[in-house]
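Trainee: Structure file target.tsv (TSV, C-alpha atoms) is given on the next line.
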chain	number	residue	atom	x	y	z
H	1	MET	CA	17.12	9.54	16.23
H	2	ARG	CA	18.99	6.68	14.58
H	3	ALA	CA	16.58	6.47	11.67
H	4	ARG	CA	13.05	7.45	10.81
H	5	ALA	CA	10.46	7.10	8.10
H	6	THR	CA	8.78	10.47	7.81
H	7	VAL	CA	5.27	10.27	6.35
H	8	ASP	CA	3.66	13.44	5.01
H	9	LEU	CA	-0.06	13.01	5.61
H	10	ALA	CA	-0.84	16.23	3.76
H	11	ALA	CA	0.73	14.64	0.68
H	12	LEU	CA	-1.36	11.52	1.21
H	13	ARG	CA	-4.56	13.57	1.45
H	14	ALA	CA	-3.63	15.44	-1.72
H	15	ASN	CA	-2.95	12.12	-3.47
H	16	VAL	CA	-6.39	10.81	-2.52
H	17	ARG	CA	-8.03	13.99	-3.82
H	18	ALA	CA	-6.06	13.76	-7.07
H	19	LEU	CA	-7.08	10.13	-7.52
H	20	ARG	CA	-10.73	10.91	-6.81
H	21	ALA	CA	-10.58	13.60	-9.49
H	22	ARG	CA	-9.46	10.98	-12.02
H	23	ALA	CA	-12.47	8.80	-11.25
H	24	PRO	CA	-15.19	11.34	-10.44
H	25	ARG	CA	-18.13	8.98	-10.91
H	26	ALA	CA	-16.72	6.22	-8.68
H	27	GLU	CA	-16.20	5.89	-4.98
H	28	LEU	CA	-12.61	5.41	-3.80
H	29	MET	CA	-11.24	2.62	-1.62
H	30	ALA	CA	-7.86	3.48	-0.12
H	31	VAL	CA	-5.97	0.22	0.28
H	32	VAL	CA	-4.14	0.20	3.61
H	33	LYS	CA	-2.99	-3.41	3.71
H	34	ALA	CA	0.50	-4.32	4.93
H	35	ASP	CA	0.44	-1.45	7.44
H	36	ALA	CA	-0.52	0.96	4.65
H	37	TYR	CA	2.35	-0.22	2.45
H	38	GLY	CA	4.72	0.43	5.33
H	39	HIS	CA	3.41	3.95	6.01
H	40	GLY	CA	1.28	3.13	9.09
H	41	ALA	CA	-2.28	1.87	8.75
H	42	VAL	CA	-4.12	3.94	11.37
H	43	PRO	CA	-2.69	7.39	10.53
H	44	CYS	CA	-2.99	6.76	6.78
H	45	ALA	CA	-6.52	5.39	7.07
H	46	ARG	CA	-7.56	8.51	8.95
H	47	ALA	CA	-5.93	10.82	6.40
H	48	ALA	CA	-7.49	8.95	3.49
H	49	ARG	CA	-10.93	9.18	5.07
H	50	GLN	CA	-10.43	12.92	5.59
H	51	ALA	CA	-9.64	13.32	1.90
H	52	GLY	CA	-12.81	11.52	0.81
H	53	ALA	CA	-12.03	7.81	0.70
H	54	SER	CA	-15.43	6.24	1.42
H	55	TRP	CA	-13.92	2.74	1.63
H	56	LEU	CA	-10.79	1.22	3.11
H	57	GLY	CA	-9.33	-2.08	1.95
H	58	THR	CA	-7.06	-4.59	3.65
H	59	ALA	CA	-5.74	-7.99	2.70
H	60	THR	CA	-6.22	-9.88	5.96
H	61	PRO	CA	-9.22	-9.82	8.28
H	62	GLN	CA	-6.89	-9.12	11.18
H	63	GLU	CA	-5.85	-5.86	9.50
H	64	ALA	CA	-9.49	-4.86	9.05
H	65	ILE	CA	-10.45	-5.78	12.62
H	66	ALA	CA	-7.52	-3.69	13.91
H	67	LEU	CA	-8.86	-0.66	12.02
H	68	ARG	CA	-12.26	-1.16	13.62
H	69	ALA	CA	-10.55	-1.36	17.02
H	70	ALA	CA	-8.84	1.96	16.21
H	71	GLY	CA	-12.24	3.55	15.67
H	72	ASP	CA	-12.93	3.32	11.95
H	73	THR	CA	-16.65	3.16	11.22
H	74	GLY	CA	-16.82	3.54	7.44
H	75	ARG	CA	-17.07	0.91	4.74
H	76	LEU	CA	-14.20	-1.55	5.10
H	77	MET	CA	-13.32	-4.66	3.08
H	78	CYS	CA	-10.81	-7.50	3.45
H	79	TRP	CA	-10.10	-10.24	0.94
H	80	LEU	CA	-7.41	-12.73	1.94
H	81	TRP	CA	-9.05	-15.52	3.92
H	82	THR	CA	-8.00	-19.00	4.97
H	83	PRO	CA	-10.16	-21.70	6.56
H	84	GLY	CA	-10.95	-21.06	10.20
H	85	GLY	CA	-10.50	-17.31	9.91
H	86	PRO	CA	-12.29	-14.80	12.14
H	87	TRP	CA	-15.51	-14.76	10.12
H	88	ARG	CA	-17.79	-14.08	13.07
H	89	GLU	CA	-15.65	-11.21	14.30
H	90	ALA	CA	-15.60	-9.69	10.82
H	91	VAL	CA	-19.37	-9.96	10.50
H	92	GLU	CA	-19.88	-8.42	13.93
H	93	ALA	CA	-17.56	-5.57	12.93
H	94	ASP	CA	-19.57	-4.89	9.73
H	95	ILE	CA	-16.59	-5.70	7.52
H	96	ASP	CA	-17.18	-6.71	3.92
H	97	VAL	CA	-15.64	-10.14	3.37
H	98	SER	CA	-14.50	-11.46	0.02
H	99	VAL	CA	-15.53	-14.92	-1.16
H	100	SER	CA	-13.74	-16.74	-3.98
H	101	GLY	CA	-15.06	-20.29	-3.54
H	102	MET	CA	-17.65	-22.49	-1.94
H	103	TRP	CA	-15.63	-23.23	1.21
H	104	ALA	CA	-15.37	-19.50	1.95
H	105	LEU	CA	-19.07	-18.95	1.35
H	106	ARG	CA	-19.89	-21.74	3.79
H	107	GLU	CA	-17.63	-20.23	6.45
H	108	ALA	CA	-19.05	-16.75	5.86
H	109	VAL	CA	-22.57	-18.12	6.32
H	110	ALA	CA	-21.52	-19.93	9.50
H	111	GLY	CA	-19.93	-16.75	10.79
H	112	ALA	CA	-23.09	-14.82	10.05
H	113	ARG	CA	-25.25	-17.31	11.89
H	114	ALA	CA	-22.90	-17.24	14.87
H	115	ALA	CA	-23.02	-13.44	14.88
H	116	GLY	CA	-26.80	-13.37	14.50
H	117	ARG	CA	-26.66	-10.96	11.57
H	118	ALA	CA	-26.17	-11.07	7.80
H	119	ALA	CA	-22.63	-11.05	6.49
H	120	ARG	CA	-21.63	-8.44	3.93
H	121	VAL	CA	-20.10	-10.58	1.17
H	122	GLN	CA	-18.29	-9.57	-2.02
H	123	LEU	CA	-17.87	-12.23	-4.70
H	124	LYS	CA	-14.49	-12.22	-6.40
H	125	ALA	CA	-14.19	-13.34	-10.02
H	126	ASP	CA	-10.93	-14.68	-11.43
H	127	THR	CA	-10.99	-12.91	-14.78
H	128	GLY	CA	-7.48	-13.95	-15.72
H	129	LEU	CA	-5.05	-13.14	-12.92
H	130	GLY	CA	-5.01	-16.79	-11.87
H	131	ARG	CA	-4.57	-15.97	-8.22
H	132	ASN	CA	-7.52	-15.54	-5.87
H	133	GLY	CA	-11.06	-15.43	-7.24
H	134	CYS	CA	-13.56	-17.87	-8.70
H	135	GLN	CA	-12.87	-19.34	-12.14
H	136	PRO	CA	-15.54	-18.78	-14.83
H	137	HIS	CA	-16.42	-22.49	-14.95
H	138	ASP	CA	-17.26	-22.45	-11.20
H	139	TRP	CA	-18.91	-19.02	-11.21
H	140	ALA	CA	-22.49	-20.13	-11.83
H	141	ASP	CA	-22.40	-22.51	-8.87
H	142	LEU	CA	-20.91	-19.90	-6.54
H	143	VAL	CA	-23.41	-17.25	-7.63
H	144	ALA	CA	-26.33	-19.66	-7.19
H	145	ALA	CA	-25.16	-20.64	-3.70
H	146	ALA	CA	-24.65	-17.03	-2.73
H	147	ARG	CA	-28.10	-16.17	-4.00
H	148	ARG	CA	-29.63	-18.96	-1.87
H	149	ALA	CA	-27.72	-17.77	1.20
H	150	GLU	CA	-28.94	-14.25	0.51
H	151	ALA	CA	-32.54	-15.46	0.22
H	152	ASP	CA	-32.08	-17.21	3.58
H	153	GLY	CA	-30.96	-13.93	5.15
H	154	ALA	CA	-27.50	-15.20	6.00
H	155	ILE	CA	-25.59	-12.85	3.70
H	156	ARG	CA	-25.99	-9.69	1.65
H	157	VAL	CA	-23.96	-9.70	-1.58
H	158	THR	CA	-22.56	-6.17	-1.57
H	159	GLY	CA	-20.02	-6.41	-4.36
H	160	VAL	CA	-18.74	-8.25	-7.39
H	161	TRP	CA	-15.07	-7.61	-8.07
H	162	SER	CA	-11.85	-8.74	-9.71
H	163	HIS	CA	-8.22	-7.72	-10.10
H	164	PHE	CA	-5.99	-6.99	-13.09
H	165	ALA	CA	-2.81	-8.90	-13.84
H	166	CYS	CA	-1.08	-6.44	-16.20
H	167	ALA	CA	-2.75	-3.04	-15.83
H	168	ASP	CA	0.72	-1.62	-15.14
H	169	GLU	CA	1.71	-2.55	-18.71
H	170	PRO	CA	-0.46	-0.27	-20.87
H	171	GLY	CA	-1.71	-2.02	-23.99
H	172	HIS	CA	-1.15	-5.53	-22.67
H	173	PRO	CA	-3.74	-7.81	-24.36
H	174	SER	CA	-4.80	-9.33	-21.04
H	175	ILE	CA	-6.32	-6.01	-19.96
H	176	ALA	CA	-9.10	-6.03	-22.55
H	177	ALA	CA	-9.60	-9.77	-22.07
H	178	GLN	CA	-10.05	-9.34	-18.32
H	179	LEU	CA	-12.48	-6.47	-18.74
H	180	THR	CA	-14.57	-8.59	-21.10
H	181	ALA	CA	-14.52	-11.53	-18.69
H	182	TYR	CA	-15.44	-9.29	-15.78
H	183	ARG	CA	-18.40	-7.79	-17.61
H	184	GLU	CA	-19.63	-11.27	-18.58
H	185	MET	CA	-19.30	-12.66	-15.04
H	186	LEU	CA	-20.92	-9.55	-13.58
H	187	ALA	CA	-23.81	-9.82	-16.06
H	188	HIS	CA	-24.35	-13.46	-15.07
H	189	ALA	CA	-24.46	-12.54	-11.38
H	190	GLU	CA	-26.91	-9.72	-11.97
H	191	ALA	CA	-29.13	-11.91	-14.17
H	192	ALA	CA	-29.22	-14.41	-11.30
H	193	GLY	CA	-30.59	-11.74	-8.99
H	194	ILE	CA	-27.40	-10.35	-7.42
H	195	ALA	CA	-27.66	-6.57	-6.96
H	196	PRO	CA	-24.24	-5.41	-5.76
H	197	GLU	CA	-23.70	-2.04	-4.15
H	198	VAL	CA	-20.30	-1.77	-5.80
H	199	ARG	CA	-18.66	-3.31	-8.85
H	200	HIS	CA	-14.89	-2.89	-9.00
H	201	ILE	CA	-11.74	-4.05	-10.78
H	202	ALA	CA	-9.52	-0.93	-11.01
H	203	ASN	CA	-6.28	-0.96	-9.02
H	204	SER	CA	-3.81	1.95	-9.09
H	205	PRO	CA	-2.66	1.60	-12.73
H	206	ALA	CA	-6.20	0.97	-13.98
H	207	LEU	CA	-7.47	4.00	-12.10
H	208	LEU	CA	-4.76	6.14	-13.71
H	209	THR	CA	-5.00	4.85	-17.27
H	210	LEU	CA	-8.28	2.94	-17.85
H	211	PRO	CA	-11.41	5.04	-17.29
H	212	ASP	CA	-13.57	2.21	-18.70
H	213	ALA	CA	-12.52	0.10	-15.72
H	214	HIS	CA	-13.68	2.50	-13.01
H	215	PHE	CA	-17.23	1.13	-12.57
H	216	ASP	CA	-18.61	2.03	-9.10
H	217	LEU	CA	-15.41	1.89	-7.07
H	218	VAL	CA	-11.67	2.26	-7.64
H	219	ARG	CA	-9.04	0.71	-5.37
H	220	PRO	CA	-5.76	2.64	-5.38
H	221	GLY	CA	-3.01	1.05	-3.36
H	222	ILE	CA	0.51	2.29	-4.04
H	223	ALA	CA	-0.78	5.44	-5.76
H	224	THR	CA	-2.43	6.52	-2.48
H	225	TYR	CA	1.09	6.93	-1.11
H	226	GLY	CA	2.24	8.95	-4.12
H	227	VAL	CA	4.28	6.22	-5.79
H	228	SER	CA	3.68	5.34	-9.43
H	229	PRO	CA	2.68	1.71	-9.98
H	230	SER	CA	5.30	1.33	-12.71
H	231	PRO	CA	7.62	3.42	-14.89
H	232	GLU	CA	5.64	2.22	-17.93
H	233	VAL	CA	2.52	3.94	-16.60
H	234	GLY	CA	4.38	7.17	-15.83
H	235	VAL	CA	6.07	8.93	-12.95
H	236	SER	CA	4.21	10.22	-9.92
H	237	ALA	CA	4.31	13.84	-11.07
H	238	ASP	CA	2.53	12.90	-14.30
H	239	PHE	CA	-0.58	12.23	-12.22
H	240	GLY	CA	-0.22	14.98	-9.63
H	241	LEU	CA	0.97	12.53	-6.98
H	242	ARG	CA	3.67	13.07	-4.37
H	243	PRO	CA	5.51	10.30	-2.52
H	244	ALA	CA	4.55	10.50	1.13
H	245	MET	CA	7.48	8.67	2.75
H	246	THR	CA	11.05	9.83	3.32
H	247	LEU	CA	13.51	7.35	4.81
H	248	SER	CA	16.53	8.88	6.53
H	249	ALA	CA	19.15	8.07	9.13
H	250	SER	CA	21.72	9.95	11.20
H	251	ILE	CA	25.33	9.26	10.26
H	252	ALA	CA	26.89	7.28	13.10
H	253	LEU	CA	30.59	7.55	12.24
H	254	VAL	CA	32.89	9.40	9.85
H	255	LYS	CA	36.49	8.34	9.40
H	256	ARG	CA	39.45	8.56	7.06
H	257	VAL	CA	40.87	5.34	5.64
H	258	PRO	CA	43.74	4.61	3.26
H	259	GLY	CA	43.44	3.41	-0.29
H	260	GLY	CA	42.89	-0.31	-0.77
H	261	HIS	CA	40.95	-0.66	2.48
H	262	GLY	CA	38.25	-3.35	2.45
H	263	VAL	CA	34.76	-2.25	3.39
H	264	SER	CA	32.07	-4.41	5.03
H	265	TYR	CA	31.61	-8.19	4.90
H	266	GLY	CA	33.47	-10.07	2.22
H	267	HIS	CA	35.52	-7.01	1.19
H	268	HIS	CA	33.63	-6.75	-2.10
H	269	TYR	CA	34.49	-3.06	-2.05
H	270	HIS	CA	38.00	-1.61	-1.64
H	271	THR	CA	38.63	2.10	-1.39
H	272	PRO	CA	40.26	3.42	-4.58
H	273	GLY	CA	42.48	5.79	-2.61
H	274	ASP	CA	42.64	7.74	0.62
H	275	THR	CA	39.05	8.61	1.37
H	276	THR	CA	36.38	9.34	3.94
H	277	LEU	CA	33.79	6.73	4.88
H	278	ALA	CA	30.44	7.47	6.51
H	279	LEU	CA	28.51	4.84	8.46
H	280	VAL	CA	24.73	4.83	7.97
H	281	PRO	CA	23.07	2.91	10.85
H	282	VAL	CA	20.33	1.02	8.99
H	283	GLY	CA	20.49	-2.37	7.34
H	284	TYR	CA	18.47	-5.29	6.13
H	285	ALA	CA	16.88	-5.73	9.57
H	286	ASP	CA	15.33	-2.31	8.93
H	287	GLY	CA	14.20	-3.22	5.43
H	288	VAL	CA	17.16	-1.94	3.41
H	289	PRO	CA	17.60	-4.63	0.75
H	290	ARG	CA	20.82	-6.61	1.01
H	291	ALA	CA	20.66	-6.62	-2.79
H	292	ALA	CA	21.47	-2.89	-2.56
H	293	SER	CA	25.07	-3.77	-1.73
H	294	ASP	CA	27.30	-1.67	-4.02
H	295	THR	CA	24.22	-0.28	-5.82
H	296	GLY	CA	21.83	1.52	-3.44
H	297	PRO	CA	21.70	5.32	-3.86
H	298	VAL	CA	21.91	7.63	-0.82
H	299	LEU	CA	22.01	11.41	-0.48
H	300	VAL	CA	24.84	12.38	1.88
H	301	ALA	CA	26.49	15.80	2.18
H	302	GLY	CA	24.49	17.15	-0.73
H	303	LYS	CA	25.42	14.47	-3.26
H	304	TRP	CA	24.19	11.09	-4.40
H	305	ARG	CA	26.44	8.34	-3.08
H	306	THR	CA	26.29	4.61	-3.59
H	307	VAL	CA	26.37	1.97	-0.87
H	308	ALA	CA	30.00	0.84	-0.58
H	309	GLY	CA	30.24	-2.88	0.02
H	310	ARG	CA	27.62	-5.13	1.52
H	311	VAL	CA	24.54	-3.97	3.37
H	312	ALA	CA	24.74	-5.57	6.81
H	313	MET	CA	21.94	-6.32	9.23
H	314	ASP	CA	22.13	-2.95	10.98
H	315	GLN	CA	24.34	-0.68	8.91
H	316	PHE	CA	26.05	0.14	5.64
H	317	VAL	CA	28.85	2.40	4.48
H	318	VAL	CA	29.13	5.11	1.85
H	319	ASP	CA	32.40	6.38	0.38
H	320	LEU	CA	32.48	10.18	0.40
H	321	GLY	CA	35.64	10.48	-1.64
H	322	GLY	CA	37.12	13.91	-1.00
H	323	ASP	CA	33.95	15.27	0.60
H	324	ARG	CA	33.21	15.77	4.27
H	325	ALA	CA	30.30	14.90	6.52
H	326	THR	CA	29.70	15.10	10.23
H	327	VAL	CA	28.40	12.62	12.76
H	328	GLY	CA	24.68	13.15	13.19
H	329	GLU	CA	24.25	14.58	9.69
H	330	GLU	CA	21.25	13.25	7.79
H	331	ALA	CA	21.61	10.57	5.14
H	332	VAL	CA	18.49	10.32	2.97
H	333	LEU	CA	17.86	6.97	1.36
H	334	PHE	CA	14.71	7.97	-0.48
H	335	GLY	CA	11.97	10.56	-0.52
H	336	PRO	CA	9.89	12.61	-2.97
H	337	GLY	CA	13.04	13.76	-4.78
H	338	ASP	CA	12.53	17.47	-4.08
H	339	ARG	CA	15.95	17.92	-2.49
H	340	GLY	CA	17.78	15.83	-5.04
H	341	GLU	CA	17.43	12.69	-2.95
H	342	PRO	CA	16.75	9.29	-4.54
H	343	THR	CA	13.18	8.06	-4.75
H	344	ALA	CA	11.75	4.65	-3.94
H	345	GLU	CA	11.66	4.02	-7.69
H	346	ASP	CA	15.42	4.76	-7.87
H	347	TRP	CA	15.97	2.12	-5.20
H	348	ALA	CA	13.73	-0.30	-7.05
H	349	GLN	CA	15.72	0.17	-10.23
H	350	ALA	CA	19.00	-0.23	-8.34
H	351	VAL	CA	18.06	-3.59	-6.83
H	352	GLY	CA	15.84	-5.03	-9.56
H	353	THR	CA	12.50	-4.89	-7.80
H	354	ILE	CA	9.42	-2.64	-7.65
H	355	ALA	CA	8.83	0.46	-5.57
H	356	TYR	CA	5.99	-1.32	-3.74
H	357	GLU	CA	8.56	-3.59	-2.09
H	358	ILE	CA	10.93	-0.77	-1.19
H	359	VAL	CA	8.41	1.18	0.91
H	360	THR	CA	6.55	-1.84	2.29
H	361	ARG	CA	9.61	-3.63	3.61
H	362	ILE	CA	10.75	-0.82	5.95
H	363	GLY	CA	10.61	-2.55	9.31
H	364	GLN	CA	9.04	-1.63	12.64
H	365	ARG	CA	12.46	-0.87	14.09
H	366	VAL	CA	12.30	2.36	12.08
H	367	PRO	CA	9.92	4.80	13.83
H	368	ARG	CA	7.24	6.43	11.69
H	369	VAL	CA	6.99	10.17	12.22
H	370	TYR	CA	4.04	12.03	10.73
H	371	LEU	CA	3.89	15.48	9.21
H	372	HIS	CA	0.61	17.42	9.20
H	373	ALA	CA	-1.29	14.78	11.16
H	374	ASP	CA	-3.68	17.41	12.48
H	375	SER	CA	-4.61	19.01	9.15
H	376	GLU	CA	-8.30	19.59	8.55
H	377	PRO	CA	-10.05	17.50	5.89
H	378	GLY	CA	-9.47	19.02	2.46
H	379	ALA	CA	-7.00	21.60	3.75
H	380	PRO	CA	-3.86	22.30	1.72
H	381	SER	CA	-0.47	21.42	3.13
H	382	PRO	CA	0.49	24.02	5.75
H	383	ALA	CA	3.10	26.53	4.67
H	384	GLY	CA	4.56	26.79	8.14
H	385	PRO	CA	6.62	24.33	10.17
H	386	ALA	CA	5.53	20.72	9.91
H	387	THR	CA	3.69	19.06	12.76
H	388	LEU	CA	5.63	16.02	13.94
H	389	THR	CA	3.54	13.20	15.37
H	390	THR	CA	4.49	9.62	16.10
H	391	GLU	CA	2.26	6.68	15.24
H	392	ASP	CA	1.74	5.91	18.93
H	393	GLU	CA	0.44	9.43	19.51
H	394	ILE	CA	-1.99	9.09	16.60
H	395	ALA	CA	-3.20	5.70	17.79
H	396	ARG	CA	-3.93	7.09	21.25
H	397	THR	CA	-6.33	9.71	19.84
H	398	GLY	CA	-8.83	6.99	18.96
H	399	ASP	CA	-11.27	7.38	16.06
H	400	VAL	CA	-9.83	6.79	12.60
H	401	SER	CA	-12.91	8.08	10.78
H	402	PRO	CA	-13.59	11.81	10.64
H	403	ALA	CA	-17.01	12.93	11.81
H	404	GLY	CA	-19.72	12.48	9.25
H	405	ASN	CA	-17.93	9.75	7.30
H	406	ALA	CA	-19.37	6.72	9.00
H	407	GLY	CA	-20.90	5.13	5.96
H	408	ALA	CA	-20.64	4.87	2.22
H	409	GLY	CA	-23.44	5.45	-0.24
H	410	THR	CA	-23.89	3.92	-3.65
H	411	ALA	CA	-21.79	5.60	-6.32
H	412	THR	CA	-23.57	7.63	-8.94
Could the structure of this file be written out as structure tokens, please?
Mentor:
Amino acid sequence: MRARATVDLAALRANVRALRARAPRAELMAVVKADAYGHGAVPCARAARQAGASWLGTATPQEAIALRAAGDTGRLMCWLWTPGGPWREAVEADIDVSVSGMWALREAVAGARAAGRAARVQLKADTGLGRNGCQPHDWADLVAAARRAEADGAIRVTGVWSHFACADEPGHPSIAAQLTAYREMLAHAEAAGIAPEVRHIANSPALLTLPDAHFDLVRPGIATYGVSPSPEVGVSADFGLRPAMTLSASIALVKRVPGGHGVSYGHHYHTPGDTTLALVPVGYADGVPRAASDTGPVLVAGKWRTVAGRVAMDQFVVDLGGDRATVGEEAVLFGPGDRGEPTAEDWAQAVGTIAYEIVTRIGQRVPRVYLHADSEPGAPSPAGPATLTTEDEIARTGDVSPAGNAGAGTAT
């Protein structure tokens, strides 16, 4: 296989259990947007459900509808809407839809009427992120309109929620300010007669470091996949998390070249002397950042190497110096770090980005292969040989939700 992203679903289940243990009084929403941060939405949704995630979250309604089509029957929410979106389809699929303004409420109501059933609506408050969500000065009007629509039977307000701007920077003054704003906006909604099933604001870093922000529901995204939300919060192992994805490729060519030989486009790298080059057949079309040219770390022949020269669309080169490698030998770009390989965070540091981007950008040209896809809910990682399953094989098995997990109760 030219390249593959191996996803350990046993690690993902263990991550979900570890995160649930950190917020024992709250339900857990596993965020599986962007194809589960590049890990594969359907297999990861199933594994998260098996480990006790009573909710799933997506950004777009299309992502949520696709999970329903794959058989998921539990609580499911999506939040990134534009005018003319598939409101009716979402209502018919019993998907919670997020509303941040009057236009969205009107379209949700219209979708509910077209579907002939009440829409499950969650009101989003902009408590300081300045992105999606309703500003405090517009909140009273939105709440009043939602309350009227609820009285008319068009909607059921199931949640009031918000999102942190700087929870990955412990001690940032905006954190306390946002919590205060959220409590005030929530109190206004409840005083107006809104009785949400779930109140939530905690993303991955808030789940890990801010127990006061847990409320009824926590929404881990990147932490579900075992990656720390930021070095400032801590490393994955600090929280009992294990990165689930390993990205590797088979070396396509090994050759000796003389000193002073230019390598890759632009000849930004020249060999310092006679050396051995290894060709790794993945590039920016596969999601390897072009910014990793001359900086990206790779484990080849038992040692960390650095990308030599520019990352091309389909390939890059590493300089092995006096070491040897063979065609077909594995080059590991990142993984959990157990074998001395780089991690996604190492790549993020090398190219000046965040680990979220590193795992999410791995393209569909790289097959996802799953370990322990058939593990029982709550079972530890098998000690024996790993079960290898492709995403297509998982998708063909149908139901995402394990038996008995078709709904979500109110958190206690």
Trainee: Rounded to one decimal in Å, what is the spacing between CA of Ala112 in chain H and CA of Trp87 in chain H?
Mentor: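 Atom-to-atom, CA of Ala112 in chain H and CA of Trp87 in chain H are spaced 7.6 Å apart.
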Trainee: Suppose you want the space between CA of Ile354 in chain H and CA of Ala292 in chain H; what is it in Å?
Mentor: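 Result for CA of Ile354 in chain H versus CA of Ala292 in chain H: 13.1 Å, one decimal.
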Trainee: In Å, rounded to a single decimal, give me how far CA of Ser54 in chain H is from CA of Lys124 in chain H.
Mentor: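 Separating CA of Lys124 in chain H from CA of Ser54 in chain H is a distance of 20.1 Å.
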Trainee: For Pro136 in chain H, which of H:Val227, H:Ala47, H:Leu186, H:Val282 is the closest residue, counting all atoms listed in the file?
Mentor: H:Leu186
Trainee: With distances taken over only C-alpha atoms, which of H:Pro289, H:Gly38, H:Arg2, H:Val218 is nearest to Leu253 in chain H?
Mentor: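 Ranked by minimum distance to Leu253 in chain H, first place goes to H:Arg2.
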Trainee: Using all atoms listed in the file, pick whichever of H:Leu129, H:Val332, H:Ala237, H:Ala350 has the shortest atom-to-atom distance to Val300 in chain H.
Mentor: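 Checking each candidate against Val300 in chain H, we get H:Val332 as the closest.
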Trainee: Tell me which protein, DNA and RNA residues are within 12 Å of Pro24 in chain H, counting all atoms listed in the file, leaving out same-chain ones fewer than 5 positions away, and put them as an MDAnalysis selection string.
Mentor: chainID H and resid 16:19 52 207 211 214:218 411:412
Trainee: When you look at range 260-277 of chain H with a cut-off of 9 Å (counting all atoms listed in the file), what residues show up, excluding the ones that are within fewer than 4 positions of it in the same chain? I need them as a PDB file with C-alpha atoms, in the coordinates of the input.
Mentor:
ATOM      1  CA  LEU H 253      30.590   7.550  12.240  1.00  0.00           C
ATOM      2  CA  VAL H 254      32.890   9.400   9.850  1.00  0.00           C
ATOM      3  CA  LYS H 255      36.490   8.340   9.400  1.00  0.00           C
ATOM      4  CA  ARG H 256      39.450   8.560   7.060  1.00  0.00           C
ATOM      5  CA  ASP H 294      27.300  -1.670  -4.020  1.00  0.00           C
ATOM      6  CA  ALA H 308      30.000   0.840  -0.580  1.00  0.00           C
ATOM      7  CA  GLY H 309      30.240  -2.880   0.020  1.00  0.00           C
ATOM      8  CA  ARG H 310      27.620  -5.130   1.520  1.00  0.00           C
ATOM      9  CA  VAL H 311      24.540  -3.970   3.370  1.00  0.00           C
ATOM     10  CA  ALA H 312      24.740  -5.570   6.810  1.00  0.00           C
ATOM     11  CA  PHE H 316      26.050   0.140   5.640  1.00  0.00           C
ATOM     12  CA  VAL H 317      28.850   2.400   4.480  1.00  0.00           C
ATOM     13  CA  VAL H 318      29.130   5.110   1.850  1.00  0.00           C
ATOM     14  CA  ASP H 319      32.400   6.380   0.380  1.00  0.00           C
ATOM     15  CA  LEU H 320      32.480  10.180   0.400  1.00  0.00           C
ATOM     16  CA  GLY H 321      35.640  10.480  -1.640  1.00  0.00           C
ATOM     17  CA  GLY H 322      37.120  13.910  -1.000  1.00  0.00           C
ATOM     18  CA  ASP H 323      33.950  15.270   0.600  1.00  0.00           C
ATOM     19  CA  ARG H 324      33.210  15.770   4.270  1.00  0.00           C
ATOM     20  CA  ALA H 325      30.300  14.900   6.520  1.00  0.00           C
TER      21      ALA H 325
END
Trainee: Using all atoms listed in the file, which residue out of H:Val298, H:Ala145, H:Ala167, H:Cys44 lies closest to Gly340 in chain H?
Mentor: H:Val298
Trainee: Which residues are close to range 147-156 of chain H, i.e. within 10 Å by all atoms listed in the file, leaving aside same-chain residues fewer than 6 positions away? Reply as a list in words.
Mentor: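 Near range 147-156 of chain H, the qualifying residues are Val91, Asp96, Leu105, Arg106, Ala108, Val109, Ala110, Gly111, Ala112, Arg113, Gly116, Arg117, Ala118, Ala119, Arg120, Val121, Gln122, Asp141, Ala189, Ala192, Gly193, Ile194, Ala195, Pro196 and Glu197 of chain H.
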